[in-house]
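What follows is a single structure, written as structure tokens, with notes after it.
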Amino acid sequence: MNYFPDEVLEHVFDSIASHKDRNSVSLVCKSWYRIERYSRRRVFIGNCYSISPERLIARFPGLKSLTLKGKPHFADFNLVPYDWGGFVYPWIKALAESGIGLEELRLKRMVVSDESLELLSKSFANFKSLVLVSCEGFSADGLAAVAANCRFLRELDLQENEVDDHRGHWLSCFPESCTSLVSLNFACLKGEVNLGALERLVSRSPNLKSLRLNRLVPLDTLQKLLMRAPQLVDLGIGSYVHDPSSEASNKLKHAIQRCKSIVSLSGFLEVAPRCMSAIYPICGNLTTLNLSYAPGLHGNKLTKLIQHCRKLQRLWILDRIGDKGLGVVASTCKELQELRVFPSDPFGAGNDAVTEEGLVLVSAGCPKLNSLLYFCQQMTNAALITVARNCPNFIRFRLCILDPVKPDPVTNQPLDEGFGAIVQSCKRLKRLSLSGLLTDQVFLYIGMYAEQLEMLSIAFAADSDKGMLYVLNGCKKLRKLEIRDCPFGNSALLEDVGKYETMRSLWMSSCEVTLGGCKTVAEKMPSLNVEIINESDQTEFNLDEGQKVDKMYLYRTLVGHRKDAPESVWIL
Amino acid sequence: MEGGLVLLGGGSSGVSTNESAVLSKVEVVSEAESELELGLGLSLGGGGGGATGKTKAANSSWGECGRILTAKDFPSVVSQRSNNGGPFSGTKRAAESVSHESGSPSGASQVVGWPPIRSYRMNSLVNQAKAQRGDEGDSGVVEKDKPKDALKKKLNSNGKQTTVNEKGHLGFVKVNIDGIPIGRKVDLNAHSSYESLAQALEDMFLRSANSLEKEPLALSKLLDGSSEFVLTYEDKEGDWMLVGDVPWRMFVSSVRRLRIMRTSEANGLAPRFNESNERQKSKPI
């Protein structure tokens with residue numbers, strides 16, 4: 001098989017970026033495996049408990065970039081105990097001790113302590129990039145260590161993290177010698193930063209392309225920052241309240257106009273709608289717009305803003321935009337690929353909210369749409385069928401009807417046919433989230449048509465085990481299945497336990513599976529960790545095999561039971 | 001075993017007893033105020049196995065709990081907690097019947113972890129709503145009546161949505177304790193008094209202390225200054241204050257997050273602290 005010297009193969013492999021492809025390459029033969037592993041620089045680990053840091057290091061000694069995900073997805077919605085796990089410290093410690101030259105660490109849903117951040121900052125001389133998404137456990141002290149010690153830091157990107165202490169001193173810890181920043185995102189921090197330090201930092205960062213500020217950066221600072229960084233490509237505005245007729249507003253408008261490279265805009269955590277006209281000059285260049293944290297923007301001011309954004313490819317918005325507003329999106333944003341509509345009032349009346357009408361309008365006007373997250377008050381089969389016809393290119397389709405078991409309000413039927421149309425039409429669908437009234441039928445459709453489906457989220461659906469069986473039997477590429485409040489029991493769970501080894505994980509909560517069923521899976525499949533999560537106060541788990549299990553999370557692993565589970569988690 | 005401390009992990013059975021559960025079923029009878037405040041519970045009689053046996057003990061422990069530092073004016077509140085058996089544990093049928101009973105989207109709003117919105121985003125929504133309300137005028141006192149009216153309206157109008165609960169269903173704030181890196185969350189809407197909140201926090205951290213290697217935390221009497229810990233909060237202006245100084249509703253509308261601090265570190269916290277410290281000394285036991 002080896003007609004070329006190793007270096008040539010390495011060079012060829014270098015051009016293979018996708019993790020999946022590199023994984024495939026490594027399986028061709030022993031020498032390809034060897035060459036691939038020494039030349040691998042980036043590794044993605046979707047479940048931090050599927051492998052150990054030691055084995056990672058042993059296989060990829062040239063590792064430079066690591067992506068780790070910890071808690072199951074439903075942890076985002078408070079369905080997982082706070083101490084479940086997902087600690088990054090052991091990874092950082094092992095990497096530090098191994099001599100690996102780590103340059104980039106990207107974490108999602110992990111517990112990151114200040115201690116970990118400090119160790120990270122001191123152990124890797126060439127560390128360049130830290131991205132934390134939906135993590136928790138650290139404070140501003142940890143950030144200070146990163147700022148102070150990572151001499152060549154390029155990227156510090158904090159997205160939607162629960163930070164314990166928001167004091168702002170960390171920003172002042174960037175030394176004068178740090179001039180390498182390319183991306184700085186602290187929008188999720190709630191504390192004040194030293195504004196002078198921020199201005200100086202931006203001034204000495206000629207490569208800064210992405211800057212996302214938090215709510216406490218005032219307007220005049222924003223203006224100064226923009227004057228110093230007209231090369232920005234991505235801007236997150238914190239506070240945006242000013243009097244349009246004032247001097248400050250004019251200065252700001254001028255500063256914004258100089259930023260001709262901005263293609264991505266977000267934030268507006270605090271906003272006065274009448275000031276948005278200052279933004280219009282750059283709207284024509286925007287490809288990404290995230291207004292999902294700006295409840296202050298709605299009505300005419302919002303739609304007027306959108307009318308200026310003809311090049312938009314990605315739009316994240318609150319449902320305050322309403323169906324009419326989505327109509328404006330449909331007629332303006334012909335390049336739109338991704339739309340996310342979040343609820344501004346998750347438990348409320350939803351007068352502003354969106355319905356199936358808005359979605360239909362967007363599908364008609366934006367044929368390139370391939371990714372959707374849509375929270376709405378209601379949905380109809382007819383609408384979904386129309387959407388499926390208009391947009392056959394969906395890769396991600398996530399629909400959340402706020403009332404979880406609501407039928408089609410026009411026909412009073414379940415939404416089986418509508419979702420069925422989606423999976424039948426969208427042959428490239430990889431991710432699907434269902435809601436509304438659903439029977440086993442929709443799962444028959446999913447099993448039949450959703451051949452590329454990798455991730456499926458189900459809630460309050462189905463009538464029997466058949467639903468789950470259709471999916472497990474039909475979706476050959478399924479990797480992640482998460483189910484809550486469905487009548488799926490042991491016979492579905494146990495039908496084909498070997499299937500779970502081909503998947504990353506399975507989550508089932510408030511279903512009909514029993515302790516006995518879970519134990520059977522664990523016995524038959526030693527390569528799976530089967531975790532029972534108990535929310536109750538009992539320190540002992542009820543040992544009755546017929547007892548229904550609150551929450552079960554199982555995942556494939558090469559390293560057996562984890563040692564860091566809390567008392568509320570029982571690994572069978 | 002915990003009596004049913006509704007939201008804060010106290011349920012013995014059923015699914016939705018995570019401390020961050022949205023379900024709220026506190027029935028509060030206030031002796032001093034003689035007001036019946038109904039929580040937005042689904043089955044107000046107690047979901048499944050309501051273990052209210054703790055109530056007695058709870059009463060007496062409150063009696064001993066002592067007062068909050070400046071709490072002369074606060075009525076002592078007797079709280080009956082109904083254990084949330086979780087009508088949502090199980091099948092869609094349960095969910096359907098619940099939706100049917102309540103008739104309005106408020107039924108849907110009672111489900112744990114639904115709608116599936118990342119908790120960071122949920123908290124932001126609530127905080128932004130709070131900030132807006134605060135900016136609209138210092139209505140700490142005026143607000144007092146609004147939430148109750150809104151609640152009543154909601155309960156009275158089956159199938160019809162009237163006003164949204166002013167407090168917002170999600171009154172979760174983060175609470176950290178010195179010495180433990182991972183914070184918890186507590187739903188302020190589940191409480192109507194400082195005593196109730198303090199009790200909940202004691203339960204939360206005392207219970208978890210068993211699973212940690214740290215020494216047991218002496219949290220009893222958190223509010224009256226006699227323990228080694230003191231309860232503080234960050235208000236919406238970013239200042240750290242001692243909990244208990246202002247009327248409960250004002251506190252709820254301005255609190256951003258909580259911190260249980262070692263008393264030794266809490267000096268100079270806010271001018272009020274020293275003032276109330278002195279007051280405490282002269283308070284009869």
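Each chain in the structure tokens gets a letter, A, B, ..., in the order shown, and its residues are numbered from 1; ligands are numbered from 1 in order too.
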- Tell me which protein, DNA and RNA residues are within 9 Å of Lys122 in chain A, counting only C-alpha atoms, leaving out same-chain ones fewer than 2 positions away, and put them as a PyMOL selection string. chain A and resi 96+117-120+124-125+145-146+149-150
With C-alpha atoms retained, export the selected residues as a PDB file, in the first residue's frame.
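The resulting file, again-v3.pdb, is reproduced below:
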ATOM      1  CA  ALA A  96       0.598  19.367  31.137  1.00  0.00           C
ATOM      2  CA  LEU A 117      -7.378  27.618  34.061  1.00  0.00           C
ATOM      3  CA  GLU A 118      -4.331  28.512  36.093  1.00  0.00           C
ATOM      4  CA  LEU A 119      -2.674  25.219  35.337  1.00  0.00           C
ATOM      5  CA  LEU A 120      -3.550  25.646  31.689  1.00  0.00           C
ATOM      6  CA  PHE A 124       1.700  25.459  27.637  1.00  0.00           C
ATOM      7  CA  ALA A 125       4.113  28.074  26.403  1.00  0.00           C
ATOM      8  CA  ALA A 145      -4.490  33.748  35.052  1.00  0.00           C
ATOM      9  CA  VAL A 146      -5.084  33.090  31.371  1.00  0.00           C
ATOM     10  CA  ASN A 149       0.303  33.987  31.609  1.00  0.00           C
ATOM     11  CA  CYS A 150      -0.567  33.094  28.031  1.00  0.00           C
TER      12      CYS A 150
END
- Can you tell me, as a PyMOL selection string, what residues are no more than 6 Å from range 103-108 of chain A when counting only C-alpha atoms, ignoring any on the same chain fewer than 2 positions away? chain A and resi 64-69+110+126-134
- Message: Please return, as a ChimeraX atom specification, all residues of range 250-358 of chain A that DSSP assigns to helix (DSSP H, G or I) on the basis of the backbone.
- Response: /A:250-258,273-283,299-307,319-332,356-358
- Query: Residues of chain A within 7 Å of chain B, using only C-alpha atoms, as a VMD selection string?
  - Reply: chain A and resid 76 to 79 137 160 to 162 346 to 349 402 to 405 460 to 461 485 to 487 510 to 512 535 to 538 550 567
Excluding range 422-439 of chain A and its own-chain neighbours fewer than 2 positions away, which residues fall within 7 Å of it when counting only C-alpha atoms? Please give them as a compact mmCIF listing (two decimals) with N, CA and C atoms, in the first residue's frame.
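Result file is around.txt:
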# COMPACT_ATOMS: atom_id res chain seq x y z
N LEU A 384 -45.91 22.61 7.64
CA LEU A 384 -44.68 21.81 7.58
C LEU A 384 -44.51 21.19 6.20
N ILE A 385 -45.62 20.78 5.61
CA ILE A 385 -45.54 20.18 4.28
C ILE A 385 -45.06 21.23 3.27
N ALA A 388 -41.39 21.90 3.82
CA ALA A 388 -40.58 20.79 3.30
C ALA A 388 -40.41 20.91 1.79
N ARG A 389 -41.46 21.34 1.15
CA ARG A 389 -41.40 21.49 -0.30
C ARG A 389 -40.51 22.66 -0.70
N PRO A 392 -35.83 21.95 0.64
CA PRO A 392 -35.40 20.55 0.75
C PRO A 392 -33.98 20.39 1.27
N ASN A 393 -33.35 21.50 1.62
CA ASN A 393 -31.93 21.43 1.96
C ASN A 393 -31.64 21.42 3.45
N PHE A 394 -32.65 21.23 4.26
CA PHE A 394 -32.40 21.30 5.70
C PHE A 394 -31.39 20.26 6.16
N ILE A 395 -30.41 20.74 6.93
CA ILE A 395 -29.46 19.86 7.59
C ILE A 395 -29.85 19.74 9.07
N ARG A 396 -30.32 20.88 9.61
CA ARG A 396 -30.77 20.91 11.00
C ARG A 396 -32.18 21.47 11.04
N PHE A 397 -33.09 20.73 11.66
CA PHE A 397 -34.47 21.19 11.75
C PHE A 397 -34.96 20.94 13.16
N ARG A 398 -35.05 22.04 13.93
CA ARG A 398 -35.45 21.89 15.32
C ARG A 398 -36.64 22.78 15.57
N LEU A 399 -37.75 22.14 15.86
CA LEU A 399 -38.98 22.86 16.08
C LEU A 399 -39.43 22.66 17.52
N CYS A 400 -39.72 23.76 18.19
CA CYS A 400 -40.19 23.64 19.55
C CYS A 400 -41.49 24.40 19.72
N ILE A 401 -42.56 23.66 19.82
CA ILE A 401 -43.85 24.27 20.10
C ILE A 401 -43.95 24.41 21.60
N PRO A 404 -46.01 21.49 24.82
CA PRO A 404 -45.32 20.33 24.26
C PRO A 404 -46.19 19.28 23.59
N VAL A 405 -47.48 19.28 23.82
CA VAL A 405 -48.26 18.22 23.19
C VAL A 405 -49.39 18.80 22.34
N LYS A 406 -49.10 19.96 21.79
CA LYS A 406 -50.17 20.62 21.06
C LYS A 406 -50.36 20.01 19.67
N PRO A 407 -51.58 19.72 19.31
CA PRO A 407 -51.82 19.19 17.96
C PRO A 407 -51.89 20.33 16.94
N PRO A 414 -52.42 15.02 15.08
CA PRO A 414 -51.01 15.07 15.44
C PRO A 414 -50.18 15.59 14.27
N LEU A 415 -48.93 15.93 14.58
CA LEU A 415 -48.09 16.55 13.56
C LEU A 415 -47.25 15.52 12.81
N ASP A 416 -47.69 14.28 12.84
CA ASP A 416 -46.92 13.21 12.19
C ASP A 416 -46.67 13.50 10.72
N GLY A 418 -46.72 16.26 9.04
CA GLY A 418 -45.85 17.41 8.78
C GLY A 418 -44.39 17.05 8.91
N PHE A 419 -44.02 16.45 10.04
CA PHE A 419 -42.62 16.06 10.22
C PHE A 419 -42.24 14.97 9.22
N GLY A 420 -43.19 14.14 8.90
CA GLY A 420 -42.94 13.11 7.89
C GLY A 420 -42.52 13.74 6.57
N GLN A 441 -46.50 7.06 14.45
CA GLN A 441 -46.42 7.21 13.00
C GLN A 441 -45.24 8.06 12.56
N VAL A 442 -45.00 9.16 13.26
CA VAL A 442 -43.91 10.04 12.84
C VAL A 442 -42.58 9.30 12.93
N ILE A 446 -39.61 8.68 10.23
CA ILE A 446 -38.21 9.00 10.50
C ILE A 446 -37.33 7.80 10.19
N TYR A 449 -37.18 7.40 6.29
CA TYR A 449 -36.63 8.41 5.38
C TYR A 449 -35.39 9.13 5.87
N ALA A 450 -35.21 9.19 7.18
CA ALA A 450 -34.12 10.04 7.68
C ALA A 450 -32.80 9.29 7.69
N GLN A 452 -29.77 10.10 6.84
CA GLN A 452 -28.54 10.76 7.27
C GLN A 452 -28.62 11.26 8.70
N LEU A 453 -29.73 10.95 9.36
CA LEU A 453 -29.96 11.55 10.68
C LEU A 453 -28.91 11.10 11.69
N GLU A 454 -28.33 12.09 12.38
CA GLU A 454 -27.32 11.78 13.39
C GLU A 454 -27.77 12.09 14.80
N MET A 455 -28.63 13.09 14.91
CA MET A 455 -29.08 13.45 16.26
C MET A 455 -30.58 13.69 16.27
N LEU A 456 -31.26 13.06 17.23
CA LEU A 456 -32.72 13.16 17.32
C LEU A 456 -33.13 13.46 18.76
N SER A 457 -33.98 14.49 18.92
CA SER A 457 -34.47 14.86 20.25
C SER A 457 -35.97 14.73 20.28
N ILE A 458 -36.45 13.96 21.23
CA ILE A 458 -37.88 13.64 21.30
C ILE A 458 -38.41 13.98 22.69
N ALA A 459 -39.58 14.58 22.75
CA ALA A 459 -40.18 14.89 24.04
C ALA A 459 -41.69 14.73 23.95
N ALA A 461 -43.79 12.38 23.23
CA ALA A 461 -44.28 11.88 21.96
C ALA A 461 -44.51 10.38 22.02
N ALA A 462 -45.09 9.86 20.96
CA ALA A 462 -45.25 8.42 20.72
C ALA A 462 -46.33 7.78 21.58
N ASP A 463 -46.76 6.59 21.14
CA ASP A 463 -47.77 5.85 21.89
C ASP A 463 -47.20 4.57 22.48
- Give the strand (DSSP E or B) residues of range 131-301 of chain A, as DSSP finds them on the backbone, and put them as a ChimeraX atom specification. /A:131-133,136,155-159,162,183-185,210-212,234-240,264-271,288-290
Preceding selection exported with N, CA and C atoms as a compact mmCIF listing (two decimals), in the first residue's frame:
# COMPACT_ATOMS: atom_id res chain seq x y z
N VAL A 131 -11.69 28.47 24.08
CA VAL A 131 -13.09 28.70 23.77
C VAL A 131 -13.93 27.90 24.76
N LEU A 132 -14.76 28.59 25.52
CA LEU A 132 -15.61 27.93 26.52
C LEU A 132 -17.06 28.21 26.20
N VAL A 133 -17.81 27.15 25.98
CA VAL A 133 -19.22 27.30 25.64
C VAL A 133 -20.06 26.56 26.68
N GLU A 136 -19.06 26.01 33.29
CA GLU A 136 -19.25 26.66 34.58
C GLU A 136 -18.14 26.22 35.53
N GLU A 155 -6.94 33.94 21.15
CA GLU A 155 -8.40 33.87 21.23
C GLU A 155 -8.86 33.55 22.64
N LEU A 156 -9.72 34.39 23.17
CA LEU A 156 -10.41 34.12 24.43
C LEU A 156 -11.89 34.33 24.18
N ASP A 157 -12.61 33.22 24.05
CA ASP A 157 -14.00 33.29 23.57
C ASP A 157 -14.91 32.61 24.59
N LEU A 158 -15.69 33.41 25.29
CA LEU A 158 -16.57 32.91 26.33
C LEU A 158 -18.01 33.03 25.87
N GLN A 159 -18.66 31.89 25.67
CA GLN A 159 -20.03 31.92 25.15
C GLN A 159 -20.98 31.30 26.15
N GLU A 162 -21.70 30.13 32.76
CA GLU A 162 -22.12 30.59 34.08
C GLU A 162 -20.87 30.86 34.89
N SER A 183 -9.21 37.45 18.84
CA SER A 183 -10.61 37.34 19.19
C SER A 183 -10.80 37.44 20.70
N LEU A 184 -11.67 38.35 21.11
CA LEU A 184 -11.96 38.52 22.53
C LEU A 184 -13.47 38.63 22.71
N ASN A 185 -14.04 37.67 23.42
CA ASN A 185 -15.49 37.67 23.62
C ASN A 185 -15.79 37.51 25.10
N SER A 210 -12.28 40.01 16.12
CA SER A 210 -13.56 39.73 16.75
C SER A 210 -13.56 40.26 18.17
N LEU A 211 -14.53 41.13 18.46
CA LEU A 211 -14.62 41.74 19.78
C LEU A 211 -16.07 41.75 20.23
N ARG A 212 -16.35 41.05 21.33
CA ARG A 212 -17.72 41.04 21.84
C ARG A 212 -17.71 41.52 23.28
N ASP A 234 -16.05 41.04 13.42
CA ASP A 234 -17.17 40.56 14.22
C ASP A 234 -17.28 41.45 15.46
N LEU A 235 -18.42 42.06 15.64
CA LEU A 235 -18.60 42.98 16.77
C LEU A 235 -19.81 42.60 17.60
N GLY A 236 -19.59 42.57 18.93
CA GLY A 236 -20.69 42.35 19.85
C GLY A 236 -20.85 43.58 20.71
N ILE A 237 -21.94 44.27 20.54
CA ILE A 237 -22.17 45.50 21.29
C ILE A 237 -22.86 45.17 22.59
N GLY A 238 -22.39 45.75 23.67
CA GLY A 238 -23.02 45.48 24.96
C GLY A 238 -24.21 46.39 25.16
N SER A 239 -23.86 47.62 25.55
CA SER A 239 -24.91 48.56 25.84
C SER A 239 -25.03 49.54 24.68
N TYR A 240 -26.23 49.74 24.23
CA TYR A 240 -26.41 50.60 23.05
C TYR A 240 -27.59 51.53 23.28
N SER A 264 -20.30 40.50 11.01
CA SER A 264 -21.06 39.79 12.03
C SER A 264 -21.33 40.74 13.19
N LEU A 265 -22.60 40.82 13.58
CA LEU A 265 -23.00 41.76 14.62
C LEU A 265 -23.89 41.06 15.64
N SER A 266 -23.65 41.36 16.93
CA SER A 266 -24.45 40.69 17.96
C SER A 266 -24.53 41.58 19.20
N GLY A 267 -25.25 41.09 20.19
CA GLY A 267 -25.30 41.79 21.47
C GLY A 267 -26.55 42.64 21.60
N PHE A 268 -26.32 43.96 21.73
CA PHE A 268 -27.42 44.89 22.01
C PHE A 268 -28.18 44.46 23.25
N LEU A 269 -27.38 44.12 24.28
CA LEU A 269 -27.95 43.59 25.50
C LEU A 269 -28.83 44.62 26.17
N GLU A 270 -28.49 45.85 25.89
CA GLU A 270 -29.29 46.95 26.41
C GLU A 270 -29.43 47.87 25.22
N VAL A 271 -30.63 48.16 24.81
CA VAL A 271 -30.74 48.90 23.55
C VAL A 271 -31.93 49.85 23.56
N THR A 288 -23.96 37.77 9.40
CA THR A 288 -24.46 37.17 10.64
C THR A 288 -25.02 38.26 11.54
N LEU A 289 -26.21 38.06 12.04
CA LEU A 289 -26.83 39.02 12.95
C LEU A 289 -27.50 38.27 14.09
N ASN A 290 -27.06 38.56 15.31
CA ASN A 290 -27.64 37.89 16.47
C ASN A 290 -28.29 38.92 17.37
- Message: Which residues are near range 44-55 of chain A? Cut-off 7 Å, only C-alpha atoms, ignore same chain within fewer than 4 positions. Put them as a list in words.
- Response: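 Residues near the query, excluding close chain neighbours: Arg59, Leu66, Thr67, Leu68, Lys69, Gly70, Gly86, Trp91, Ala94, Arg556, Thr557, Leu558, Val559 and Arg562 of chain A.
One distance worth recording is that between CA of Ile256 in chain A and CA of Arg204 in chain A, which is 19.5 Å.
Across the structure, CA of Lys548 in chain A and CA of Asp203 in chain B are spaced 26.7 Å apart.
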- By how many Å are CA of Leu222 in chain A and CA of Leu312 in chain A apart?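 According to the coordinates, CA of Leu222 in chain A and CA of Leu312 in chain A are separated by 23.7 Å.
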- Message: Quick one: residues within 10 Å of Gly546 in chain A, only C-alpha atoms, excluding same-chain residues fewer than 4 positions away - as a count of residues only?
- Response: 6
